[in-house]
>>> print(open('start35.tsv').read())   # TSV, C-alpha atoms
chain	number	residue	atom	x	y	z
B	1030	MET	CA	3.90	22.28	-22.58
B	1031	ARG	CA	5.79	24.17	-19.90
B	1032	TRP	CA	2.81	23.65	-17.58
B	1033	LEU	CA	2.92	19.90	-18.24
B	1034	LEU	CA	6.65	19.72	-17.54
B	1035	ARG	CA	6.16	21.62	-14.30
B	1036	GLN	CA	3.50	19.11	-13.22
B	1037	LEU	CA	5.76	16.17	-14.08
B	1038	GLU	CA	8.60	17.67	-12.04
B	1039	LYS	CA	6.49	18.32	-8.96
B	1040	ASP	CA	7.43	16.40	-5.82
B	1041	LEU	CA	3.82	15.81	-4.81
B	1042	TRP	CA	0.47	15.91	-6.57
B	1043	SER	CA	-2.82	16.36	-4.79
B	1044	PRO	CA	-3.88	12.97	-3.36
B	1045	GLU	CA	-7.05	13.06	-5.45
B	1046	VAL	CA	-5.20	13.62	-8.74
B	1047	ALA	CA	-2.71	10.84	-7.96
B	1048	GLY	CA	-5.66	8.71	-6.83
B	1049	ILE	CA	-7.33	9.01	-10.25
B	1050	GLY	CA	-4.17	7.47	-11.71
B	1051	LEU	CA	-4.38	4.71	-9.13
B	1052	GLY	CA	-7.94	3.94	-10.21
B	1053	LEU	CA	-6.80	3.80	-13.85
B	1054	VAL	CA	-4.16	1.22	-12.90
B	1055	TYR	CA	-6.86	-1.18	-11.75
B	1056	VAL	CA	-9.19	-0.49	-14.69
B	1057	LEU	CA	-6.37	-1.04	-17.21
B	1058	ALA	CA	-5.04	-4.18	-15.50
B	1059	LEU	CA	-8.46	-5.85	-15.35
B	1060	TRP	CA	-9.49	-4.66	-18.79
B	1061	LEU	CA	-6.31	-5.34	-20.79
B	1062	ALA	CA	-4.86	-8.30	-18.86
B	1063	ASN	CA	-7.70	-9.62	-16.67
B	1064	ARG	CA	-5.38	-9.38	-13.65
B	1065	SER	CA	-5.57	-7.51	-10.39
B	1066	PRO	CA	-2.19	-5.99	-9.49
B	1067	GLY	CA	-0.68	-7.11	-6.20
B	1068	ALA	CA	2.82	-6.70	-4.84
B	1069	SER	CA	3.14	-9.13	-1.91
B	1070	GLY	CA	2.81	-12.33	-3.99
B	1071	THR	CA	6.07	-11.55	-5.80
B	1072	PHE	CA	7.92	-11.51	-2.47
B	1073	PHE	CA	6.60	-15.05	-1.80
B	1074	ASN	CA	7.86	-16.07	-5.26
B	1075	VAL	CA	11.32	-14.72	-4.44
B	1076	ALA	CA	11.31	-16.31	-0.96
B	1077	ALA	CA	10.39	-19.60	-2.66
B	1078	VAL	CA	13.89	-19.84	-4.15
B	1079	VAL	CA	15.04	-20.75	-0.64
B	1080	GLY	CA	11.64	-21.87	0.64
B	1081	LYS	CA	10.99	-24.64	-1.88
B	1082	PRO	CA	14.01	-26.80	-0.95
B	1083	LEU	CA	13.49	-25.88	2.70
B	1084	THR	CA	9.90	-27.19	2.80
B	1085	ALA	CA	10.48	-30.11	0.42
B	1086	GLY	CA	10.38	-32.53	3.39
B	1087	ASP	CA	6.63	-31.97	3.69
B	1088	PRO	CA	4.98	-32.87	0.35
B	1089	ALA	CA	1.63	-31.66	1.71
B	1090	ASN	CA	3.01	-28.12	1.88
B	1091	GLN	CA	2.41	-26.86	-1.63
B	1092	PHE	CA	2.93	-23.22	-0.71
B	1093	PHE	CA	6.25	-22.76	-2.53
B	1094	VAL	CA	5.47	-25.45	-5.12
B	1095	SER	CA	2.13	-24.69	-6.79
B	1096	MET	CA	0.89	-21.58	-5.00
B	1097	PHE	CA	4.01	-19.38	-5.17
B	1098	PRO	CA	6.65	-21.15	-7.28
B	1099	PRO	CA	10.19	-19.75	-7.23
B	1100	VAL	CA	10.96	-16.82	-9.56
B	1101	THR	CA	13.78	-18.95	-10.97
B	1102	GLU	CA	11.11	-21.18	-12.56
B	1103	GLY	CA	9.64	-18.32	-14.55
B	1104	LEU	CA	8.69	-14.69	-14.10
B	1105	GLY	CA	4.96	-14.15	-13.74
B	1106	TRP	CA	2.71	-11.21	-14.64
B	1107	GLN	CA	2.85	-9.80	-11.12
B	1108	PHE	CA	6.67	-9.82	-11.17
B	1109	TRP	CA	6.70	-7.59	-14.26
B	1110	MET	CA	4.05	-5.38	-12.69
B	1111	VAL	CA	6.26	-4.94	-9.59
B	1112	ALA	CA	9.24	-4.17	-11.85
B	1113	GLY	CA	7.02	-1.54	-13.49
B	1114	ILE	CA	6.31	0.03	-10.08
B	1115	PHE	CA	10.04	0.52	-9.62
B	1116	PHE	CA	10.57	2.08	-13.04
B	1117	GLY	CA	7.49	4.30	-12.76
B	1118	ALA	CA	8.54	5.64	-9.39
B	1119	LEU	CA	12.12	6.04	-10.65
B	1120	ALA	CA	10.92	8.06	-13.65
B	1121	SER	CA	8.92	10.34	-11.37
B	1122	VAL	CA	11.87	10.76	-9.01
B	1123	LEU	CA	14.43	11.41	-11.79
B	1124	ILE	CA	12.26	13.85	-13.75
B	1125	GLY	CA	11.65	15.76	-10.54
B	1126	ARG	CA	15.34	15.47	-9.58
B	1127	HIS	CA	14.42	14.13	-6.12
B	1128	PHE	CA	16.74	11.12	-6.09
B	1129	LYS	CA	18.89	11.04	-2.97
B	1130	LEU	CA	20.62	8.14	-1.25
B	1131	THR	CA	19.44	8.09	2.36
B	1132	TRP	CA	19.96	5.65	5.22
B	1133	MET	CA	16.76	6.55	7.05
B	1134	PRO	CA	13.67	8.73	6.57
B	1135	VAL	CA	14.53	12.42	6.33
B	1136	GLU	CA	11.24	13.64	7.80
B	1137	GLN	CA	9.84	13.00	11.26
B	1138	TRP	CA	11.51	9.65	12.09
B	1139	LYS	CA	14.39	11.19	14.06
B	1140	ASP	CA	12.03	13.25	16.22
B	1141	VAL	CA	10.41	10.06	17.48
B	1142	PHE	CA	13.01	7.31	17.32
B	1143	GLY	CA	16.23	9.30	17.44
B	1144	GLY	CA	19.01	9.43	14.88
B	1145	ALA	CA	20.41	5.89	15.12
B	1146	VAL	CA	20.43	4.21	11.68
B	1147	TRP	CA	20.56	0.70	13.17
B	1148	LYS	CA	17.29	1.33	14.99
B	1149	ARG	CA	15.53	2.32	11.77
B	1150	TRP	CA	16.97	-0.72	9.99
B	1151	VAL	CA	15.87	-3.13	12.73
B	1152	ILE	CA	12.36	-1.68	12.78
B	1153	ALA	CA	12.14	-1.67	8.96
B	1154	PHE	CA	13.21	-5.33	8.92
B	1155	ILE	CA	10.76	-6.39	11.65
B	1156	GLY	CA	8.03	-4.33	9.99
B	1157	GLY	CA	8.70	-6.13	6.71
B	1158	VAL	CA	8.49	-9.55	8.38
B	1159	ILE	CA	5.17	-8.67	10.05
B	1160	LEU	CA	3.76	-7.15	6.84
B	1161	GLN	CA	4.49	-10.22	4.76
B	1162	ILE	CA	3.04	-12.61	7.35
B	1163	GLY	CA	-0.06	-10.43	7.62
B	1164	ALA	CA	-0.42	-10.44	3.83
B	1165	GLY	CA	-0.12	-14.22	3.86
B	1166	ILE	CA	-2.86	-14.60	6.46
B	1167	ALA	CA	-5.20	-12.09	4.82
B	1168	GLY	CA	-4.60	-13.29	1.27
B	1169	GLY	CA	-3.01	-10.12	-0.11
B	1170	CYS	CA	-1.64	-6.69	0.71
B	1171	THR	CA	-2.73	-3.09	0.22
B	1172	SER	CA	-2.54	-3.41	-3.56
B	1173	GLY	CA	-3.66	-6.99	-4.15
B	1174	LEU	CA	-6.39	-7.16	-1.50
B	1175	ALA	CA	-7.48	-3.74	-0.17
B	1176	LEU	CA	-7.52	-2.01	-3.59
B	1177	ALA	CA	-7.97	-4.92	-5.99
B	1178	GLY	CA	-10.71	-6.36	-3.78
B	1179	GLY	CA	-12.25	-2.97	-3.07
B	1180	VAL	CA	-12.69	-1.99	-6.72
B	1181	GLN	CA	-14.31	-5.38	-7.40
B	1182	LEU	CA	-16.57	-5.07	-4.33
B	1183	SER	CA	-15.12	-8.11	-2.62
B	1184	PRO	CA	-16.10	-8.51	1.07
B	1185	ALA	CA	-12.51	-9.55	1.89
B	1186	ALA	CA	-11.26	-6.00	1.20
B	1187	PHE	CA	-13.81	-4.43	3.51
B	1188	LEU	CA	-12.69	-6.70	6.35
B	1189	PHE	CA	-8.98	-6.16	5.65
B	1190	ILE	CA	-9.03	-2.33	5.55
B	1191	PRO	CA	-10.59	-1.81	9.06
B	1192	GLY	CA	-8.12	-4.38	10.40
B	1193	ILE	CA	-5.17	-2.30	9.12
B	1194	PHE	CA	-6.50	0.98	10.48
B	1195	ILE	CA	-7.46	-0.32	13.94
B	1196	SER	CA	-4.11	-1.96	14.65
B	1197	GLY	CA	-2.14	0.78	12.90
B	1198	ALA	CA	-3.75	3.43	15.11
B	1199	VAL	CA	-3.08	1.38	18.27
B	1200	VAL	CA	0.59	0.94	17.31
B	1201	GLN	CA	1.06	4.66	16.64
B	1202	LEU	CA	-0.63	5.47	19.95
B	1203	LEU	CA	1.99	3.31	21.68
B	1204	VAL	CA	4.90	4.60	19.58
B	1205	TYR	CA	4.05	8.31	19.62
B	1206	ARG	CA	2.45	8.44	23.12
B	1207	ASN	CA	2.09	12.12	24.09
B	1208	LYS	CA	2.85	13.17	20.53
B	1209	TYR	CA	-0.03	11.11	19.08
J	666	MET	CA	1.05	-20.51	-18.85
J	667	THR	CA	3.76	-18.46	-20.44
J	668	LEU	CA	3.60	-14.73	-20.88
J	669	THR	CA	3.75	-13.21	-24.34
J	670	ILE	CA	5.66	-10.00	-25.04
J	671	PRO	CA	2.41	-7.94	-25.07
J	672	ASP	CA	1.49	-9.44	-21.66
J	673	ILE	CA	4.83	-8.33	-20.23
J	674	LEU	CA	4.51	-4.86	-21.77
J	675	ILE	CA	1.03	-4.40	-20.28
J	676	ALA	CA	2.27	-5.58	-16.87
J	677	LEU	CA	5.24	-3.19	-17.03
J	678	GLY	CA	3.04	-0.33	-18.25
J	679	VAL	CA	0.39	-0.81	-15.57
J	680	GLY	CA	3.13	-1.06	-12.94
J	681	PHE	CA	4.81	2.05	-14.36
J	682	ILE	CA	1.67	4.15	-13.80
J	683	PHE	CA	1.28	2.55	-10.37
J	684	GLY	CA	4.83	3.48	-9.34
J	685	TRP	CA	4.47	6.96	-10.79
J	686	VAL	CA	1.33	7.77	-8.76
J	687	LEU	CA	2.73	6.16	-5.60
J	688	ASP	CA	5.66	8.58	-5.79
J	689	LYS	CA	3.53	11.61	-6.74
J	690	GLY	CA	1.07	10.75	-3.97
J	691	GLY	CA	3.96	10.65	-1.50
J	692	LEU	CA	3.07	7.11	-0.42
J	693	ASN	CA	6.72	6.06	-0.53
J	694	ARG	CA	7.65	8.35	2.37
J	695	TYR	CA	7.69	7.24	6.01
J	696	TYR	CA	5.74	10.18	7.43
J	697	LYS	CA	2.83	9.89	4.98
J	698	ILE	CA	2.04	6.31	6.02
J	699	ALA	CA	2.90	6.83	9.70
J	700	ASN	CA	0.65	9.88	9.98
J	701	VAL	CA	-2.48	8.41	8.44
J	702	PHE	CA	-2.65	6.18	11.53
J	703	ARG	CA	-2.31	9.29	13.71
J	704	PHE	CA	-5.02	10.99	11.60
J	705	THR	CA	-2.75	14.02	11.22
J	706	ASP	CA	-2.21	13.58	7.47
J	707	LEU	CA	-5.03	11.97	5.51
J	708	THR	CA	-3.16	11.75	2.17
J	709	VAL	CA	-3.10	7.93	2.14
J	710	LEU	CA	-6.83	7.70	2.80
J	711	ARG	CA	-7.69	10.32	0.16
J	712	PHE	CA	-5.39	8.66	-2.39
J	713	MET	CA	-6.77	5.17	-1.79
J	714	MET	CA	-10.41	6.22	-1.70
J	715	THR	CA	-10.11	8.20	-4.94
J	716	GLY	CA	-8.44	5.20	-6.56
J	717	MET	CA	-11.19	2.92	-5.35
J	718	LEU	CA	-13.89	5.29	-6.61
J	719	VAL	CA	-12.40	5.60	-10.11
J	720	GLY	CA	-11.54	1.89	-10.30
J	721	MET	CA	-14.96	0.75	-9.13
J	722	VAL	CA	-16.93	2.90	-11.58
J	723	GLY	CA	-14.57	2.12	-14.47
J	724	ILE	CA	-14.49	-1.61	-13.89
J	725	TYR	CA	-18.20	-2.13	-13.33
J	726	THR	CA	-19.09	0.11	-16.29
J	727	LEU	CA	-16.79	-1.87	-18.61
J	728	ARG	CA	-18.17	-5.09	-17.16
J	729	HIS	CA	-21.73	-3.90	-17.74
J	730	PHE	CA	-20.95	-3.61	-21.45
J	731	GLY	CA	-19.27	-7.02	-21.48
J	732	LEU	CA	-15.78	-5.60	-22.01
J	733	LEU	CA	-14.12	-7.32	-19.07
J	734	ASN	CA	-14.47	-10.30	-16.79
J	735	LEU	CA	-13.77	-9.98	-13.12
J	736	THR	CA	-10.91	-12.21	-12.02
J	737	ALA	CA	-11.30	-14.32	-8.94
J	738	VAL	CA	-10.54	-11.99	-6.08
J	739	THR	CA	-9.08	-13.05	-2.75
J	740	ALA	CA	-11.27	-15.57	-0.97
J	741	THR	CA	-13.41	-14.19	1.79
J	742	ALA	CA	-12.45	-15.63	5.18
J	743	LEU	CA	-13.89	-13.56	7.99
J	744	ALA	CA	-11.12	-14.31	10.49
J	745	GLY	CA	-8.16	-14.28	8.10
J	746	ASN	CA	-9.07	-11.10	6.20
J	747	PHE	CA	-9.57	-9.13	9.41
J	748	ILE	CA	-6.80	-10.63	11.59
J	749	GLY	CA	-4.40	-10.62	8.64
J	750	GLY	CA	-5.24	-6.94	8.19
J	751	ALA	CA	-4.58	-6.28	11.88
J	752	VAL	CA	-1.18	-8.00	11.68
J	753	PHE	CA	-0.42	-6.12	8.46
J	754	GLY	CA	-1.34	-2.79	10.10
J	755	VAL	CA	1.24	-3.34	12.86
J	756	GLY	CA	4.02	-3.74	10.29
J	757	MET	CA	2.77	-0.86	8.19
J	758	ALA	CA	2.59	1.61	11.09
J	759	LEU	CA	6.00	0.59	12.44
J	760	SER	CA	7.89	0.64	9.15
J	761	GLY	CA	5.95	3.30	7.27
J	762	PHE	CA	5.72	1.21	4.12
J	763	CYS	CA	3.88	-1.74	2.61
J	764	PRO	CA	4.98	-4.10	-0.20
J	765	GLY	CA	4.12	-1.84	-3.16
J	766	THR	CA	5.22	1.44	-1.57
J	767	CYS	CA	8.50	-0.15	-0.46
J	768	ILE	CA	9.37	-0.82	-4.11
J	769	ALA	CA	8.43	2.76	-5.00
J	770	GLY	CA	10.47	3.96	-1.99
J	771	ILE	CA	13.61	2.20	-3.23
J	772	ALA	CA	13.38	4.35	-6.37
J	773	ARG	CA	13.87	7.49	-4.23
J	774	GLY	CA	17.21	6.08	-3.06
J	775	GLN	CA	16.06	5.08	0.43
J	776	LEU	CA	18.47	2.35	1.52
J	777	ASP	CA	16.31	1.37	4.51
J	778	TYR	CA	13.61	0.35	2.00
J	779	LEU	CA	16.06	-1.50	-0.23
J	780	ILE	CA	17.98	-3.56	2.32
J	781	PRO	CA	16.15	-4.23	5.65
J	782	GLY	CA	12.74	-3.64	4.04
J	783	LEU	CA	13.14	-6.19	1.26
J	784	LEU	CA	14.98	-8.65	3.53
J	785	GLY	CA	12.10	-8.37	6.00
J	786	PHE	CA	9.52	-9.21	3.31
J	787	LEU	CA	11.53	-12.22	2.16
J	788	THR	CA	12.08	-13.47	5.71
J	789	GLY	CA	8.40	-13.01	6.53
J	790	GLY	CA	7.48	-14.84	3.32
J	791	LEU	CA	9.77	-17.70	4.23
J	792	ILE	CA	8.33	-17.95	7.75
J	793	PHE	CA	4.74	-17.91	6.47
J	794	GLY	CA	5.42	-20.54	3.81
J	795	ALA	CA	7.20	-22.81	6.29
J	796	LEU	CA	4.30	-22.50	8.76
J	797	TYR	CA	1.64	-22.80	6.06
J	798	ARG	CA	0.53	-26.30	7.05
J	799	THR	CA	0.31	-25.58	10.79
J	800	ASP	CA	-3.12	-25.68	12.43
J	801	LEU	CA	-2.99	-22.00	13.32
J	802	ILE	CA	-2.37	-20.78	9.78
J	803	GLN	CA	-4.87	-23.24	8.33
J	804	TRP	CA	-7.50	-22.08	10.81
J	805	LEU	CA	-6.77	-18.43	10.07
J	806	ILE	CA	-7.11	-18.77	6.31
J	807	THR	CA	-10.26	-20.89	6.41
J	808	ALA	CA	-12.25	-19.82	9.49
J	809	GLY	CA	-15.45	-18.00	8.58
J	810	ARG	CA	-15.10	-18.81	4.90
J	811	PRO	CA	-18.56	-18.68	3.32
J	812	GLU	CA	-19.73	-21.33	0.88
J	813	LEU	CA	-19.25	-18.95	-2.02
J	814	ALA	CA	-15.87	-17.68	-0.93
J	815	TYR	CA	-15.22	-15.76	-4.15
J	816	ALA	CA	-18.64	-14.12	-4.37
J	817	LYS	CA	-18.63	-10.34	-4.54
J	818	LEU	CA	-21.07	-8.01	-2.81
J	819	PRO	CA	-23.52	-7.63	-5.74
J	820	GLU	CA	-24.05	-11.40	-5.89
J	821	ILE	CA	-24.24	-11.74	-2.11
J	822	LEU	CA	-26.78	-8.93	-1.81
J	823	GLY	CA	-28.58	-9.84	-5.03
J	824	VAL	CA	-28.27	-6.32	-6.42
J	825	GLU	CA	-27.55	-5.19	-9.98
J	826	PRO	CA	-23.71	-4.88	-9.95
J	827	LEU	CA	-23.44	-1.54	-11.75
J	828	LEU	CA	-26.06	-0.04	-9.44
J	829	LEU	CA	-24.19	-1.19	-6.34
J	830	ALA	CA	-20.92	0.14	-7.75
J	831	PHE	CA	-22.57	3.55	-8.15
J	832	VAL	CA	-24.05	3.42	-4.64
J	833	PHE	CA	-20.61	2.62	-3.22
J	834	SER	CA	-18.90	5.27	-5.30
J	835	GLU	CA	-21.43	7.90	-4.17
J	836	ALA	CA	-20.69	6.94	-0.57
J	837	ILE	CA	-16.94	7.26	-1.24
J	838	LEU	CA	-17.53	10.62	-2.95
J	839	ILE	CA	-19.32	11.96	0.14
J	840	PHE	CA	-16.55	10.54	2.33
J	841	LEU	CA	-13.89	12.23	0.16
J	842	TYR	CA	-15.77	15.53	0.32
J	843	VAL	CA	-15.88	15.31	4.10
J	844	LEU	CA	-12.16	14.40	4.22
J	845	ALA	CA	-11.24	17.32	1.98
J	846	ARG	CA	-13.26	19.73	4.17
J	847	THR	CA	-11.92	18.28	7.41
J	848	GLN	CA	-8.72	19.62	8.83
J	849	ALA	CA	-6.59	16.65	9.76
J	850	ARG	CA	-7.07	15.96	13.46
J	851	ARG	CA	-4.08	18.04	14.49
J	852	PRO	CA	-2.38	19.18	11.29
J	853	ASP	CA	1.34	18.45	11.50
J	854	GLY	CA	0.86	17.82	15.20
J	855	LEU	CA	4.30	16.39	15.75
J	856	GLU	CA	6.08	19.20	13.96
J	857	LYS	CA	4.23	21.67	16.19
J	858	VAL	CA	5.28	19.80	19.31
J	859	VAL	CA	8.87	19.88	18.10
J	860	GLU	CA	8.59	23.58	17.27
J	861	GLN	CA	7.18	24.36	20.73
J	862	GLU	CA	10.00	22.45	22.39
J	863	ARG	CA	12.53	24.45	20.41
J	864	VAL	CA	10.85	27.71	21.39
J	865	LEU	CA	10.82	26.63	25.04
J	866	ALA	CA	14.48	25.74	24.81
J	867	GLY	CA	15.17	29.22	23.43
J	868	LEU	CA	16.44	27.83	20.15
J	869	GLU	CA	13.93	29.71	18.07
J	870	GLU	CA	12.16	32.97	18.56
J	871	SER	CA	8.42	32.62	18.80
J	872	GLN	CA	6.31	34.50	16.28
J	873	PRO	CA	5.06	37.76	17.78
J	874	GLN	CA	1.32	37.59	18.29
J	875	ALA	CA	-0.77	39.94	16.22
J	876	VAL	CA	-2.16	42.77	18.31
J	877	GLY	CA	-5.79	42.29	19.23
J	878	ASP	CA	-5.71	38.63	18.19
>>> encode(input="start35.tsv", output="structure tokens")
Amino acid sequence: MRWLLRQLEKDLWSPEVAGIGLGLVYVLALWLANRSPGASGTFFNVAAVVGKPLTAGDPANQFFVSMFPPVTEGLGWQFWMVAGIFFGALASVLIGRHFKLTWMPVEQWKDVFGGAVWKRWVIAFIGGVILQIGAGIAGGCTSGLALAGGVQLSPAAFLFIPGIFISGAVVQLLVYRNKY
Amino acid sequence: MTLTIPDILIALGVGFIFGWVLDKGGLNRYYKIANVFRFTDLTVLRFMMTGMLVGMVGIYTLRHFGLLNLTAVTATALAGNFIGGAVFGVGMALSGFCPGTCIAGIARGQLDYLIPGLLGFLTGGLIFGALYRTDLIQWLITAGRPELAYAKLPEILGVEPLLLAFVFSEAILIFLYVLARTQARRPDGLEKVVEQERVLAGLEESQPQAVGD
């Protein structure tokens, strides 16, 4: 019992142990709900609240109408899954007493980009924009395409994953330079 | 299609485990994601590959016994899947998060995940949706799309699905073994650089070298 509590309080588990849990997520979602969990779609559903009226001038653009309708028109399965991600991570953080309000990453960021909060916020924002556009082009993100596709042996996942790693490595080479 | 209460509870429960392991895996921290692209910390790769291994075997075993159907996965489009991935990788390396890990990162109290992170996703979503009908986006999402866009590898290769799942999982297992035995390219490379700079600047005393080392 004490051992279990100590495990639950730990800041980090071995990547393999946490990874087994990740595998279970996909087995349970497909088995119990016949869904593959993905996070990026929900952001399109939220953006649709503004996007639907904005694109209403072009009836041929069904993106925010039938593909990703606004969250205000009903909360879908993926929305609840994303809400679950928040609560699951929160439980882990609170049990381990690791919750801390921070304005920027505590590890490593400052050594590379300096201590300015605005710089982190600008890069986080731009990163978010690029991520969501990339997910739109590819048809999903790390959860809904790389993992959900990978576990189902979909070719799309095995094209997406090398794409992420090639460009990610190039970007870090440019950002970190002699520290790469 | 409306969701029943059990549907919502399953979605919340599955997400709960997802969020829990994202935090315990450390995926909701900037340095973990940033360093996998520097190959100095392979946590992300080990976490994802283990998940894929367990998921693949579990799903195809259950499917073999007729206990689950496979949902339509993302359509294969040679250009879009790869180029989309390359665009995605730029954002992921810069920000140190991705959609799911950003949500899990908010739970740690990281305001840069909560405010600019989420606003970035919503802005990007809005831009993509507004440009959805443009020739460029249409080309990207359809170019190189095979006739059977939703076919999975077992059907494409004409192999027994469970067998292929085991072949893939064996390959992942070997890969994981190699990863676990491999020291990351330069373990904590950056921290060492920083430490050396401090030593050079006389801020920290260097460790005395063991005699005869």
>>> atom_distance(input="start35.tsv", atom1="CA of Ala1164 in chain B", atom2="CA of Ser1095 in chain B")
18.0 Å
>>> residues_around(input="start35.tsv", residues="range 1118-1122 of chain B", least_positions_apart="5", cutoff="7 Å", atoms="only C-alpha atoms", output="PyMOL selection string")
(chain B and resi 1127-1128) or (chain J and resi 684-685+687-688+769+772-773)
>>> atom_distance(input="start35.tsv", atom1="CA of Ser1069 in chain B", atom2="CA of Leu1176 in chain B")
12.9 Å
>>> residues_around(input="start35.tsv", residues="Glu1102 in chain B", least_positions_apart="5", cutoff="12 Å", atoms="all atoms listed in the file", output="list in words")
Asn1074, Val1075, Ala1077, Val1078, Lys1081, Phe1093, Val1094, Ser1095 and Phe1097 of chain B; Met666 and Thr667 of chain J
>>> closest_residue(input="start35.tsv", among="J:Phe786, J:Phe833, J:Tyr695, J:Phe793", to="Ala1068 in chain B", atoms="all atoms listed in the file")
J:Phe786
>>> residues_around(input="start35.tsv", residues="range 1047-1055 of chain B", least_positions_apart="4", cutoff="7 Å", atoms="only C-alpha atoms", output="PyMOL selection string")
(chain B and resi 1042-1043+1059+1065+1177) or (chain J and resi 679+682-683+686+689-690+712-713+715-717+719-720)
>>> atom_distance(input="start35.tsv", atom1="CA of Met721 in chain J", atom2="CA of Gln1181 in chain B")
6.4 Å
>>> closest_residue(input="start35.tsv", among="B:Ala1085, B:Ile1114, B:Val1141, B:Leu1061", to="chain J", atoms="all atoms listed in the file")
B:Ile1114
>>> axis_aligned_box(input="start35.tsv", around="range 1118-1125 of chain B", padding_each_side="4 Å", output="JSON")
{"center_x": 11.5, "center_y": 10.7, "center_z": -11.4, "size_x": 13.9, "size_y": 18.1, "size_z": 12.7}
>>> closest_residue(input="start35.tsv", among="B:Ala1112, B:Leu1104, B:Leu1041, B:Val1180", to="Ala830 in chain J", atoms="only C-alpha atoms")
B:Val1180
>>> closest_residue(input="start35.tsv", among="J:Gly754, J:Pro811, J:Gly770, J:Pro826", to="chain B", atoms="all atoms listed in the file")
J:Gly754
>>> closest_residue(input="start35.tsv", among="B:Trp1106, B:Val1146, B:Tyr1205, B:Pro1044", to="Lys697 in chain J", atoms="only C-alpha atoms")
B:Pro1044
>>> residues_around(input="start35.tsv", residues="range 838-848 of chain J", least_positions_apart="4", cutoff="8 Å", atoms="all atoms listed in the file", output="VMD selection string")
chain J and resid 707 711 714 to 715 718 834 852
>>> write_last_selection(input="start35.tsv", atoms="C-alpha atoms", output="PDB file, in the frame of the given file")
ATOM      1  CA  LEU J 707      -5.030  11.970   5.510  1.00  0.00           C
ATOM      2  CA  ARG J 711      -7.690  10.320   0.160  1.00  0.00           C
ATOM      3  CA  MET J 714     -10.410   6.220  -1.700  1.00  0.00           C
ATOM      4  CA  THR J 715     -10.110   8.200  -4.940  1.00  0.00           C
ATOM      5  CA  LEU J 718     -13.890   5.290  -6.610  1.00  0.00           C
ATOM      6  CA  SER J 834     -18.900   5.270  -5.300  1.00  0.00           C
ATOM      7  CA  PRO J 852      -2.380  19.180  11.290  1.00  0.00           C
TER       8      PRO J 852
END
>>> closest_residue(input="start35.tsv", among="J:Val824, J:Ala676, J:Leu727, J:Leu692", to="chain B", atoms="only C-alpha atoms")
J:Ala676
>>> residues_around(input="start35.tsv", residues="Gly1168 in chain B", least_positions_apart="4", cutoff="10 Å", atoms="all atoms listed in the file", output="PDB file with C-alpha atoms, keeping the file's coordinate frame")
ATOM      1  CA  SER B1069       3.140  -9.130  -1.910  1.00  0.00           C
ATOM      2  CA  GLY B1070       2.810 -12.330  -3.990  1.00  0.00           C
ATOM      3  CA  ILE B1162       3.040 -12.610   7.350  1.00  0.00           C
ATOM      4  CA  GLY B1163      -0.060 -10.430   7.620  1.00  0.00           C
ATOM      5  CA  ALA B1164      -0.420 -10.440   3.830  1.00  0.00           C
ATOM      6  CA  GLY B1173      -3.660  -6.990  -4.150  1.00  0.00           C
ATOM      7  CA  LEU B1174      -6.390  -7.160  -1.500  1.00  0.00           C
ATOM      8  CA  ALA B1185     -12.510  -9.550   1.890  1.00  0.00           C
ATOM      9  CA  ALA B1186     -11.260  -6.000   1.200  1.00  0.00           C
ATOM     10  CA  PHE B1189      -8.980  -6.160   5.650  1.00  0.00           C
TER      11      PHE B1189
ATOM     12  CA  VAL J 738     -10.540 -11.990  -6.080  1.00  0.00           C
ATOM     13  CA  THR J 739      -9.080 -13.050  -2.750  1.00  0.00           C
ATOM     14  CA  ALA J 740     -11.270 -15.570  -0.970  1.00  0.00           C
ATOM     15  CA  THR J 741     -13.410 -14.190   1.790  1.00  0.00           C
ATOM     16  CA  ALA J 742     -12.450 -15.630   5.180  1.00  0.00           C
ATOM     17  CA  GLY J 745      -8.160 -14.280   8.100  1.00  0.00           C
ATOM     18  CA  ASN J 746      -9.070 -11.100   6.200  1.00  0.00           C
ATOM     19  CA  GLY J 749      -4.400 -10.620   8.640  1.00  0.00           C
ATOM     20  CA  GLY J 750      -5.240  -6.940   8.190  1.00  0.00           C
ATOM     21  CA  ILE J 806      -7.110 -18.770   6.310  1.00  0.00           C
TER      22      ILE J 806
END
>>> build_atoms(input="start35.tsv", residues="range 1161-1166 of chain B", atoms="N, CA and C atoms", output="PDB file, in the coordinates of the input")
ATOM      1  N   GLN B1161       4.609  -9.100   5.690  1.00  0.00           N
ATOM      2  CA  GLN B1161       4.490 -10.220   4.760  1.00  0.00           C
ATOM      3  C   GLN B1161       3.673 -11.363   5.390  1.00  0.00           C
ATOM      4  N   ILE B1162       3.840 -11.580   6.680  1.00  0.00           N
ATOM      5  CA  ILE B1162       3.040 -12.610   7.350  1.00  0.00           C
ATOM      6  C   ILE B1162       1.564 -12.203   7.356  1.00  0.00           C
ATOM      7  N   GLY B1163       1.315 -10.929   7.652  1.00  0.00           N
ATOM      8  CA  GLY B1163      -0.060 -10.430   7.620  1.00  0.00           C
ATOM      9  C   GLY B1163      -0.690 -10.594   6.241  1.00  0.00           C
ATOM     10  N   ALA B1164       0.095 -10.286   5.195  1.00  0.00           N
ATOM     11  CA  ALA B1164      -0.420 -10.440   3.830  1.00  0.00           C
ATOM     12  C   ALA B1164      -0.720 -11.902   3.537  1.00  0.00           C
ATOM     13  N   GLY B1165       0.115 -12.794   4.054  1.00  0.00           N
ATOM     14  CA  GLY B1165      -0.120 -14.220   3.860  1.00  0.00           C
ATOM     15  C   GLY B1165      -1.422 -14.673   4.514  1.00  0.00           C
ATOM     16  N   ILE B1166      -1.650 -14.219   5.736  1.00  0.00           N
ATOM     17  CA  ILE B1166      -2.860 -14.600   6.460  1.00  0.00           C
ATOM     18  C   ILE B1166      -4.105 -14.035   5.770  1.00  0.00           C
TER      19      ILE B1166
END
